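Asks: Structure: data28.cif, mmCIF, C-alpha atoms.
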data_protein
#
loop_
_atom_site.label_atom_id
_atom_site.label_comp_id
_atom_site.auth_asym_id
_atom_site.auth_seq_id
_atom_site.Cartn_x
_atom_site.Cartn_y
_atom_site.Cartn_z
CA MET A 1 0.00 0.00 0.00
CA ASP A 2 1.02 3.62 -0.52
CA ARG A 3 1.09 5.43 2.83
CA THR A 4 0.43 8.91 1.53
CA THR A 5 -0.27 10.07 5.07
CA GLU A 6 3.40 9.38 5.87
CA ARG A 7 4.90 11.22 2.91
CA ASP A 8 6.98 14.32 3.54
CA SER A 9 5.07 17.56 3.89
CA ARG A 10 5.19 19.77 0.84
CA PHE A 11 6.44 22.45 3.22
CA ASN A 12 9.84 22.52 4.94
CA ASP A 13 11.71 24.60 7.49
CA LEU A 14 8.51 25.06 9.46
CA GLU A 15 10.42 26.49 12.40
CA LYS A 16 11.58 29.37 10.18
CA MET A 17 8.06 30.39 9.21
CA THR A 18 6.22 33.29 10.78
CA VAL A 19 2.99 32.60 12.66
CA LYS A 20 1.07 34.05 9.71
CA GLU A 21 2.84 31.73 7.27
CA ILE A 22 2.22 28.64 9.42
CA LEU A 23 -1.47 29.38 9.73
CA LYS A 24 -1.83 30.20 6.03
CA HIS A 25 -0.23 26.93 4.93
CA ILE A 26 -2.18 24.79 7.41
CA ASN A 27 -5.35 26.39 6.08
CA GLU A 28 -4.26 25.64 2.50
CA GLU A 29 -3.92 21.97 3.38
CA ASP A 30 -7.19 21.87 5.34
CA ARG A 31 -9.13 23.13 2.33
CA THR A 32 -8.30 19.91 0.47
CA VAL A 33 -10.04 17.70 3.04
CA PRO A 34 -13.71 18.22 2.02
CA LEU A 35 -12.76 17.46 -1.58
CA ALA A 36 -11.23 14.16 -0.48
CA VAL A 37 -14.38 13.34 1.50
CA GLU A 38 -16.54 14.15 -1.53
CA LYS A 39 -14.76 11.45 -3.55
CA ALA A 40 -15.71 8.90 -0.89
CA LEU A 41 -19.44 9.78 -0.81
CA PRO A 42 -20.55 6.54 -2.57
CA GLN A 43 -18.66 4.50 0.05
CA ILE A 44 -20.13 6.56 2.89
CA GLU A 45 -23.61 6.09 1.42
CA SER A 46 -23.22 2.30 1.38
CA LEU A 47 -21.98 2.26 4.97
CA ALA A 48 -24.70 4.62 6.21
CA THR A 49 -27.41 2.60 4.47
CA VAL A 50 -26.46 -0.75 5.97
CA THR A 51 -25.85 0.83 9.39
CA ALA A 52 -29.32 2.39 9.43
CA GLU A 53 -30.86 -0.92 8.37
CA ARG A 54 -29.15 -2.82 11.19
CA MET A 55 -29.97 -0.19 13.80
CA LYS A 56 -33.61 -0.05 12.74
CA ALA A 57 -33.69 -3.78 13.42
CA GLY A 58 -32.37 -3.24 16.95
CA GLY A 59 -28.64 -3.35 16.32
CA ARG A 60 -25.97 -1.07 17.71
CA LEU A 61 -23.05 0.83 16.19
CA PHE A 62 -19.55 0.28 17.58
CA TYR A 63 -16.45 2.34 16.85
CA ILE A 64 -12.93 1.02 17.51
CA GLY A 65 -9.66 2.88 17.05
CA ALA A 66 -6.40 3.94 18.63
CA GLY A 67 -4.97 7.37 19.40
CA THR A 68 -6.65 10.27 17.62
CA SER A 69 -8.84 7.90 15.61
CA GLY A 70 -10.09 6.18 18.76
CA ARG A 71 -10.77 9.50 20.47
CA LEU A 72 -12.80 10.73 17.52
CA GLY A 73 -14.95 7.61 17.70
CA VAL A 74 -15.51 8.09 21.42
CA VAL A 75 -16.47 11.73 20.86
CA ASP A 76 -18.99 10.90 18.14
CA ALA A 77 -20.53 8.08 20.18
CA SER A 78 -20.78 10.23 23.32
CA GLU A 79 -22.57 13.00 21.43
CA CYS A 80 -25.36 10.80 20.03
CA PRO A 81 -27.41 10.49 23.28
CA PRO A 82 -27.59 14.23 24.05
CA THR A 83 -28.12 15.19 20.41
CA PHE A 84 -30.59 12.52 19.36
CA GLY A 85 -31.95 11.11 22.62
CA VAL A 86 -30.79 7.54 21.94
CA PRO A 87 -29.70 5.26 24.82
CA PHE A 88 -26.04 5.47 25.81
CA ASP A 89 -25.41 1.91 24.63
CA LYS A 90 -26.81 2.47 21.11
CA VAL A 91 -23.56 3.96 19.75
CA VAL A 92 -20.42 2.83 21.56
CA GLY A 93 -16.89 4.18 21.13
CA ILE A 94 -13.98 1.99 22.22
CA ILE A 95 -10.35 3.15 22.25
CA ALA A 96 -7.26 0.95 22.43
CA GLY A 97 -5.88 1.12 25.96
CA GLY A 98 -9.25 1.78 27.56
CA ASP A 99 -10.90 5.02 28.63
CA GLY A 100 -7.68 6.25 30.23
CA ALA A 101 -6.20 6.50 26.73
CA ILE A 102 -8.69 9.24 25.90
CA ARG A 103 -6.58 11.66 27.93
CA LYS A 104 -3.17 10.01 28.00
CA ALA A 105 -1.59 7.85 25.31
CA VAL A 106 -1.13 4.19 26.28
CA GLU A 107 2.07 2.83 24.75
CA PHE A 108 1.74 -0.12 22.35
CA ALA A 109 -2.01 -0.51 23.07
CA GLU A 110 -2.73 -0.39 19.34
CA ASP A 111 -0.35 -3.26 18.56
CA ASP A 112 -2.44 -6.05 20.12
CA ASP A 113 -4.53 -7.55 17.33
CA MET A 114 -6.79 -9.52 19.69
CA GLN A 115 -7.56 -6.87 22.28
CA ALA A 116 -10.30 -5.12 20.30
CA TRP A 117 -12.35 -8.30 20.15
CA GLU A 118 -11.92 -8.79 23.89
CA ASP A 119 -13.08 -5.23 24.42
CA LEU A 120 -16.11 -5.78 22.18
CA LEU A 121 -17.11 -9.00 23.92
CA ALA A 122 -17.59 -7.00 27.11
CA TYR A 123 -20.55 -5.38 25.30
CA ASP A 124 -21.92 -8.70 23.99
CA ILE A 125 -21.46 -7.61 20.38
CA ASN A 126 -23.44 -9.82 18.02
CA GLU A 127 -24.53 -10.23 14.40
CA LYS A 128 -27.26 -7.60 14.77
CA ASP A 129 -24.61 -4.91 15.29
CA VAL A 130 -22.25 -2.88 13.09
CA LEU A 131 -18.54 -2.44 13.77
CA LEU A 132 -16.65 0.53 12.33
CA GLY A 133 -12.87 0.60 12.53
CA ILE A 134 -11.22 4.03 12.45
CA ALA A 135 -7.54 4.22 11.51
CA ALA A 136 -5.85 7.03 9.60
CA SER A 137 -2.96 4.83 8.46
CA GLY A 138 -5.17 1.85 7.75
CA THR A 139 -2.67 -0.47 9.38
CA THR A 140 -3.50 -0.44 13.11
CA PRO A 141 -3.38 -4.08 14.37
CA TYR A 142 -5.98 -3.37 17.08
CA VAL A 143 -8.46 -2.34 14.39
CA VAL A 144 -7.53 -4.99 11.81
CA GLY A 145 -7.89 -7.75 14.40
CA GLY A 146 -11.24 -6.48 15.63
CA LEU A 147 -12.67 -6.30 12.11
CA LYS A 148 -11.45 -9.77 11.19
CA MET A 149 -13.00 -11.33 14.28
CA ALA A 150 -16.25 -9.48 13.65
CA ASN A 151 -16.34 -10.85 10.11
CA GLU A 152 -15.94 -14.36 11.48
CA HIS A 153 -19.00 -13.77 13.65
CA HIS A 154 -21.08 -12.41 10.73
CA ILE A 155 -21.12 -8.83 12.01
CA VAL A 156 -21.31 -5.99 9.47
CA THR A 157 -17.94 -4.23 9.31
CA GLY A 158 -16.90 -0.85 7.97
CA CYS A 159 -13.96 1.51 8.34
CA ILE A 160 -12.68 5.03 7.85
CA VAL A 161 -9.07 5.18 6.62
CA CYS A 162 -6.95 7.84 4.94
CA ASN A 163 -4.73 5.68 2.73
CA SER A 164 -5.85 3.48 -0.16
CA GLY A 165 -5.35 -0.27 -0.31
CA SER A 166 -4.82 -0.70 3.44
CA PRO A 167 -5.15 -3.83 5.62
CA VAL A 168 -7.99 -2.17 7.55
CA ALA A 169 -9.95 -1.48 4.36
CA ALA A 170 -9.31 -5.05 3.19
CA ALA A 171 -10.79 -6.35 6.45
CA ALA A 172 -13.92 -4.18 6.24
CA LYS A 173 -16.98 -5.14 4.21
CA TYR A 174 -17.90 -1.46 3.79
CA PRO A 175 -14.63 0.51 3.61
CA VAL A 176 -14.52 4.30 3.42
CA GLU A 177 -11.18 5.52 2.05
CA VAL A 178 -10.61 9.27 2.29
CA VAL A 179 -7.13 9.85 0.87
CA THR A 180 -5.99 13.10 2.42
CA GLY A 181 -2.29 12.93 1.42
CA PRO A 182 0.74 14.33 3.25
CA GLU A 183 0.20 16.39 6.37
CA PHE A 184 1.53 19.92 6.92
CA LEU A 185 3.55 18.43 9.77
CA THR A 186 4.87 15.19 8.30
CA GLY A 187 3.03 12.15 9.66
CA SER A 188 0.81 14.11 12.07
CA THR A 189 -2.47 12.47 11.14
CA ARG A 190 -4.36 14.30 13.89
CA MET A 191 -4.45 17.13 11.32
CA LYS A 192 -5.96 16.55 7.85
CA ALA A 193 -6.64 12.85 8.38
CA GLY A 194 -8.27 13.55 11.74
CA THR A 195 -10.40 16.28 10.20
CA ALA A 196 -11.51 13.91 7.43
CA GLN A 197 -12.44 11.22 9.93
CA LYS A 198 -14.45 13.70 11.99
CA LEU A 199 -16.32 14.88 8.90
CA VAL A 200 -17.21 11.33 7.90
CA LEU A 201 -18.31 10.46 11.44
CA ASN A 202 -20.52 13.56 11.50
CA MET A 203 -22.07 12.51 8.20
CA LEU A 204 -22.53 8.88 9.19
CA SER A 205 -24.11 9.32 12.62
CA THR A 206 -26.30 12.25 11.57
CA CYS A 207 -27.53 10.44 8.46
CA VAL A 208 -28.26 7.28 10.43
CA MET A 209 -30.12 9.13 13.17
CA ILE A 210 -32.26 10.93 10.59
CA GLN A 211 -33.06 7.53 9.08
CA LEU A 212 -34.02 6.31 12.56
CA GLY A 213 -36.56 9.13 12.88
CA ARG A 214 -34.59 11.10 15.45
CA VAL A 215 -34.98 14.40 13.57
CA LYS A 216 -38.13 16.27 12.55
CA GLY A 217 -37.82 18.88 9.80
CA ASN A 218 -34.34 20.10 10.64
CA LYS A 219 -34.70 20.03 14.42
CA MET A 220 -33.24 17.84 17.18
CA VAL A 221 -36.62 17.00 18.67
CA ASP A 222 -35.25 14.21 20.88
CA MET A 223 -32.26 16.12 22.31
CA GLN A 224 -31.61 15.86 26.03
CA LEU A 225 -32.49 19.04 27.91
CA SER A 226 -29.26 19.05 29.87
CA ASN A 227 -28.62 22.79 30.25
CA ASP A 228 -30.38 26.16 30.10
CA LYS A 229 -29.32 26.79 26.49
CA LEU A 230 -30.96 23.57 25.31
CA VAL A 231 -34.09 24.17 27.39
CA ASP A 232 -34.39 27.61 25.78
CA ARG A 233 -33.86 26.11 22.32
CA GLY A 234 -36.43 23.40 23.05
CA THR A 235 -38.95 25.95 24.29
CA LYS A 236 -38.64 27.95 21.06
CA MET A 237 -39.12 24.76 19.05
CA VAL A 238 -42.31 23.94 20.95
CA MET A 239 -43.54 27.51 20.49
CA LYS A 240 -43.01 27.30 16.74
CA GLU A 241 -44.76 23.93 16.41
CA THR A 242 -47.73 24.75 18.63
CA GLY A 243 -48.17 28.53 18.55
CA LEU A 244 -48.08 28.63 22.36
CA ASP A 245 -46.58 31.52 24.30
CA GLU A 246 -43.17 31.08 25.87
CA HIS A 247 -44.37 30.44 29.42
CA THR A 248 -46.88 27.78 28.40
CA ALA A 249 -44.45 26.13 25.98
CA ALA A 250 -41.74 25.99 28.64
CA GLY A 251 -44.16 24.37 31.08
CA LEU A 252 -45.22 21.77 28.51
CA LEU A 253 -41.61 21.00 27.71
CA LYS A 254 -40.71 20.59 31.37
CA GLU A 255 -43.68 18.31 31.94
CA HIS A 256 -42.93 15.95 29.05
CA GLY A 257 -39.12 16.10 28.95
CA SER A 258 -38.57 16.43 25.20
CA VAL A 259 -39.70 18.58 22.29
CA ARG A 260 -41.23 15.60 20.50
CA LYS A 261 -43.28 14.47 23.50
CA ALA A 262 -44.36 18.01 24.33
CA VAL A 263 -45.63 18.66 20.78
CA GLU A 264 -47.31 15.25 20.57
CA ALA A 265 -49.07 15.86 23.91
CA TYR A 266 -50.33 19.23 22.74
CA LYS A 267 -51.73 17.81 19.49
CA ILE A 268 -53.61 14.96 21.16
#
Translate the structure of the given file into structure tokens.
Replies:
Amino acid sequence: MDRTTERDSRFNDLEKMTVKEILKHINEEDRTVPLAVEKALPQIESLATVTAERMKAGGRLFYIGAGTSGRLGVVDASECPPTFGVPFDKVVGIIAGGDGAIRKAVEFAEDDDMQAWEDLLAYDINEKDVLLGIAASGTTPYVVGGLKMANEHHIVTGCIVCNSGSPVAAAAKYPVEVVTGPEFLTGSTRMKAGTAQKLVLNMLSTCVMIQLGRVKGNKMVDMQLSNDKLVDRGTKMVMKETGLDEHTAAGLLKEHGSVRKAVEAYKI
């Protein structure tokens, strides 16, 4: 495989650049990322479609990864319950080295090709579920091993990688390859590759949740009302849907706990 993510940056002598020059060149590189994602849209569509189908049938979505890739999966999974009101075990992010690796790197955790499957078994993963491996390089043993074991157990597998022709993509039934090329800082895949992975995760989880009926119009009607900002947003949504004044809408929202339930109760 061609590890384009490891190629030398097209910029050199970074330490001699001014702050303005550094920022300008990073921005130049970042602008190429959405174009790389666009090329992978057919792959993302296939993955999103099968994921929605499995989750509609009661399945769950699992993310596995190491380092930045693992952290991005954990972030996306953790944001699904407050955004879409799904249970906390509906989308699960697992990082090599355990939750402690979210804040502090765990040396060599990504090199164990059997650990991901052990981690997944703790959640009773089964053939109803979907497993998505996230690995910028496409070579992470933790991810490759997890995908291979999932395939053996007839679990739908997908991936997000940033090199073409990688072992991770070969192990996934629904690979998404977003080839982002060399980084501004050579080999630092937390930059363009990380941005690409985040964009794809945003697209995947949002698309799937819309397919699951967790959005009405363009609103997060099942969001958790976990702070004053969201309560205020929810109140305005109820006001718009019902025509109620702010005080009455806020009371209805508080009584029923979600925008969807408040509006449904009003229309009964």
Asks: Excluding Ala105 (chain A) and its own-chain neighbours fewer than 2 positions away, which residues fall within 10 Å of it when counting all atoms listed in the file? Please give them as number ranges by chain.
Replies: A: 66-68, 96-97, 100-103, 107-109
Asks: Out of A:Ile155, A:Leu120, A:Leu230, A:Leu41, which residue has the shortest atom-to-atom distance to Gly98 (chain A) when counting all atoms listed in the file?
Replies: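 For Gly98 (chain A), the nearest of the given residues is A:Leu120.
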Asks: For each of A:Ala36, A:Met209, A:Ala172, A:Met220, take the minimum atom-to-atom distance to Thr49 (chain A), counting only C-alpha atoms, then give the residue where this is smallest.
Replies: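 Among A:Ala36, A:Met209, A:Ala172, A:Met220, it is A:Met209 that comes nearest to Thr49 (chain A).
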Asks: As an exercise, work out the distance from CA of Val231 (chain A) to CA of Val91 (chain A) in Å and give it to one decimal place.
Replies: 24.0 Å
Asks: With distances taken over only C-alpha atoms, which of A:Val92, A:Ala116, A:Ala150, A:Leu185 is nearest to Asp13 (chain A)?
Replies: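 With only C-alpha atoms as the atom set, the closest residue is A:Leu185.
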Asks: Taking all atoms listed in the file into account, name the residue in A:Lys148, A:Asp111, A:Cys159, A:Ser46 that is nearest to Val178 (chain A).
Replies: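 Nearest candidate to Val178 (chain A) out of A:Lys148, A:Asp111, A:Cys159, A:Ser46: A:Cys159.
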Asks: From (-45.3, 28.4, 20.0), in the file's coordinates, out to 12 Å: which residues are reached, counting only C-alpha atoms? Answer as a count of residues only.
Replies: 25
Asks: Might you pull out every residue within 12 Å of Arg54 (chain A), with all atoms listed in the file counted and same-chain residues fewer than 2 positions away left off, and present them as a ChimeraX atom specification?
Replies: /A:47-52,56-62,90,126-131,155-157,208,211-212
Asks: Report, in Å with one decimal, the straight-line distance from CA of Gln224 (chain A) to CA of Ser258 (chain A).
Replies: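 Those two atoms sit 7.0 Å apart.
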Asks: Which is closest to Ser9 (chain A) among A:Leu199, A:Val168, A:Ile26, A:Val221, if we use only C-alpha atoms?
Replies: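 Smallest distance to Ser9 (chain A) is found for A:Ile26.
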Asks: Skip Asp30 (chain A) itself and residues of its chain fewer than 5 positions away, then list as a ChimeraX atom specification all residues within 9 Å of it, counting only C-alpha atoms.
Replies: /A:25,191-192,195
Asks: Residues near Leu121 (chain A), anyone? I mean within 12 Å using only C-alpha atoms, not counting same-chain ones fewer than 2 positions away, as a list of chain:residue names.
Replies: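 Near Leu121 (chain A), the qualifying residues are A:Phe62, A:Ile94, A:Met114, A:Gln115, A:Ala116, A:Trp117, A:Glu118, A:Asp119, A:Tyr123, A:Asp124, A:Ile125, A:Asn126, A:Gly146, A:Met149, A:Ala150, A:His153.
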Asks: For a quick check of understanding, using all atoms listed in the file, which of A:Lys16, A:Met203, A:Pro175, A:Gly165 has the smallest distance to Leu147 (chain A)?
Replies: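 That would be A:Pro175, the residue with the smallest distance to Leu147 (chain A).
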Asks: Kindly complete region 165-195 of chain A to N, CA and C atoms; the output should be written as a PDB file, in the coordinates of the input.
Replies:
ATOM      1  N   GLY A 165      -5.916   1.063  -0.260  1.00  0.00           N
ATOM      2  CA  GLY A 165      -5.350  -0.270  -0.310  1.00  0.00           C
ATOM      3  C   GLY A 165      -4.763  -0.759   0.998  1.00  0.00           C
ATOM      4  N   SER A 166      -5.367  -0.384   2.116  1.00  0.00           N
ATOM      5  CA  SER A 166      -4.820  -0.700   3.440  1.00  0.00           C
ATOM      6  C   SER A 166      -5.359  -2.020   3.981  1.00  0.00           C
ATOM      7  N   PRO A 167      -4.654  -2.622   4.961  1.00  0.00           N
ATOM      8  CA  PRO A 167      -5.150  -3.830   5.620  1.00  0.00           C
ATOM      9  C   PRO A 167      -6.498  -3.621   6.315  1.00  0.00           C
ATOM     10  N   VAL A 168      -6.714  -2.453   6.895  1.00  0.00           N
ATOM     11  CA  VAL A 168      -7.990  -2.170   7.550  1.00  0.00           C
ATOM     12  C   VAL A 168      -9.119  -2.174   6.529  1.00  0.00           C
ATOM     13  N   ALA A 169      -8.922  -1.505   5.400  1.00  0.00           N
ATOM     14  CA  ALA A 169      -9.950  -1.480   4.360  1.00  0.00           C
ATOM     15  C   ALA A 169     -10.214  -2.877   3.811  1.00  0.00           C
ATOM     16  N   ALA A 170      -9.156  -3.679   3.689  1.00  0.00           N
ATOM     17  CA  ALA A 170      -9.310  -5.050   3.190  1.00  0.00           C
ATOM     18  C   ALA A 170     -10.133  -5.897   4.147  1.00  0.00           C
ATOM     19  N   ALA A 171     -10.066  -5.579   5.443  1.00  0.00           N
ATOM     20  CA  ALA A 171     -10.790  -6.350   6.450  1.00  0.00           C
ATOM     21  C   ALA A 171     -12.225  -5.884   6.636  1.00  0.00           C
ATOM     22  N   ALA A 172     -12.582  -4.750   6.065  1.00  0.00           N
ATOM     23  CA  ALA A 172     -13.920  -4.180   6.240  1.00  0.00           C
ATOM     24  C   ALA A 172     -14.796  -4.499   5.029  1.00  0.00           C
ATOM     25  N   LYS A 173     -16.037  -4.874   5.286  1.00  0.00           N
ATOM     26  CA  LYS A 173     -16.980  -5.140   4.210  1.00  0.00           C
ATOM     27  C   LYS A 173     -17.452  -3.840   3.544  1.00  0.00           C
ATOM     28  N   TYR A 174     -17.467  -2.757   4.303  1.00  0.00           N
ATOM     29  CA  TYR A 174     -17.900  -1.460   3.790  1.00  0.00           C
ATOM     30  C   TYR A 174     -16.818  -0.413   4.093  1.00  0.00           C
ATOM     31  N   PRO A 175     -15.723  -0.431   3.344  1.00  0.00           N
ATOM     32  CA  PRO A 175     -14.630   0.510   3.610  1.00  0.00           C
ATOM     33  C   PRO A 175     -14.930   1.916   3.102  1.00  0.00           C
ATOM     34  N   VAL A 176     -14.484   2.902   3.855  1.00  0.00           N
ATOM     35  CA  VAL A 176     -14.520   4.300   3.420  1.00  0.00           C
ATOM     36  C   VAL A 176     -13.069   4.784   3.405  1.00  0.00           C
ATOM     37  N   GLU A 177     -12.575   5.086   2.212  1.00  0.00           N
ATOM     38  CA  GLU A 177     -11.180   5.520   2.050  1.00  0.00           C
ATOM     39  C   GLU A 177     -11.158   6.985   1.640  1.00  0.00           C
ATOM     40  N   VAL A 178     -10.727   7.835   2.558  1.00  0.00           N
ATOM     41  CA  VAL A 178     -10.610   9.270   2.290  1.00  0.00           C
ATOM     42  C   VAL A 178      -9.119   9.594   2.233  1.00  0.00           C
ATOM     43  N   VAL A 179      -8.581   9.691   1.046  1.00  0.00           N
ATOM     44  CA  VAL A 179      -7.130   9.850   0.870  1.00  0.00           C
ATOM     45  C   VAL A 179      -6.772  11.326   0.979  1.00  0.00           C
ATOM     46  N   THR A 180      -6.256  11.688   2.127  1.00  0.00           N
ATOM     47  CA  THR A 180      -5.990  13.100   2.420  1.00  0.00           C
ATOM     48  C   THR A 180      -4.563  13.533   2.074  1.00  0.00           C
ATOM     49  N   GLY A 181      -3.657  12.584   1.831  1.00  0.00           N
ATOM     50  CA  GLY A 181      -2.290  12.930   1.420  1.00  0.00           C
ATOM     51  C   GLY A 181      -1.410  13.384   2.559  1.00  0.00           C
ATOM     52  N   PRO A 182      -0.236  13.907   2.233  1.00  0.00           N
ATOM     53  CA  PRO A 182       0.740  14.330   3.250  1.00  0.00           C
ATOM     54  C   PRO A 182       0.190  15.430   4.152  1.00  0.00           C
ATOM     55  N   GLU A 183       0.607  15.370   5.399  1.00  0.00           N
ATOM     56  CA  GLU A 183       0.200  16.390   6.370  1.00  0.00           C
ATOM     57  C   GLU A 183       1.146  17.597   6.320  1.00  0.00           C
ATOM     58  N   PHE A 184       0.664  18.730   6.803  1.00  0.00           N
ATOM     59  CA  PHE A 184       1.530  19.920   6.920  1.00  0.00           C
ATOM     60  C   PHE A 184       2.738  19.595   7.778  1.00  0.00           C
ATOM     61  N   LEU A 185       2.485  18.941   8.909  1.00  0.00           N
ATOM     62  CA  LEU A 185       3.550  18.430   9.770  1.00  0.00           C
ATOM     63  C   LEU A 185       3.658  16.948   9.458  1.00  0.00           C
ATOM     64  N   THR A 186       4.729  16.537   8.839  1.00  0.00           N
ATOM     65  CA  THR A 186       4.870  15.190   8.300  1.00  0.00           C
ATOM     66  C   THR A 186       4.440  14.109   9.285  1.00  0.00           C
ATOM     67  N   GLY A 187       3.475  13.284   8.863  1.00  0.00           N
ATOM     68  CA  GLY A 187       3.030  12.150   9.660  1.00  0.00           C
ATOM     69  C   GLY A 187       2.050  12.463  10.771  1.00  0.00           C
ATOM     70  N   SER A 188       1.704  13.736  10.975  1.00  0.00           N
ATOM     71  CA  SER A 188       0.810  14.110  12.070  1.00  0.00           C
ATOM     72  C   SER A 188      -0.640  13.974  11.614  1.00  0.00           C
ATOM     73  N   THR A 189      -1.145  12.753  11.677  1.00  0.00           N
ATOM     74  CA  THR A 189      -2.470  12.470  11.140  1.00  0.00           C
ATOM     75  C   THR A 189      -3.621  12.957  12.024  1.00  0.00           C
ATOM     76  N   ARG A 190      -3.298  13.626  13.130  1.00  0.00           N
ATOM     77  CA  ARG A 190      -4.360  14.300  13.890  1.00  0.00           C
ATOM     78  C   ARG A 190      -4.835  15.533  13.142  1.00  0.00           C
ATOM     79  N   MET A 191      -4.122  15.903  12.055  1.00  0.00           N
ATOM     80  CA  MET A 191      -4.450  17.130  11.320  1.00  0.00           C
ATOM     81  C   MET A 191      -5.450  16.830  10.199  1.00  0.00           C
ATOM     82  N   LYS A 192      -5.009  16.753   8.951  1.00  0.00           N
ATOM     83  CA  LYS A 192      -5.960  16.550   7.850  1.00  0.00           C
ATOM     84  C   LYS A 192      -6.705  15.227   7.962  1.00  0.00           C
ATOM     85  N   ALA A 193      -5.988  14.158   8.273  1.00  0.00           N
ATOM     86  CA  ALA A 193      -6.640  12.850   8.380  1.00  0.00           C
ATOM     87  C   ALA A 193      -7.673  12.860   9.499  1.00  0.00           C
ATOM     88  N   GLY A 194      -7.323  13.462  10.631  1.00  0.00           N
ATOM     89  CA  GLY A 194      -8.270  13.550  11.740  1.00  0.00           C
ATOM     90  C   GLY A 194      -9.497  14.373  11.372  1.00  0.00           C
ATOM     91  N   THR A 195      -9.279  15.457  10.648  1.00  0.00           N
ATOM     92  CA  THR A 195     -10.400  16.280  10.200  1.00  0.00           C
ATOM     93  C   THR A 195     -11.313  15.492   9.276  1.00  0.00           C
TER      94      THR A 195
END
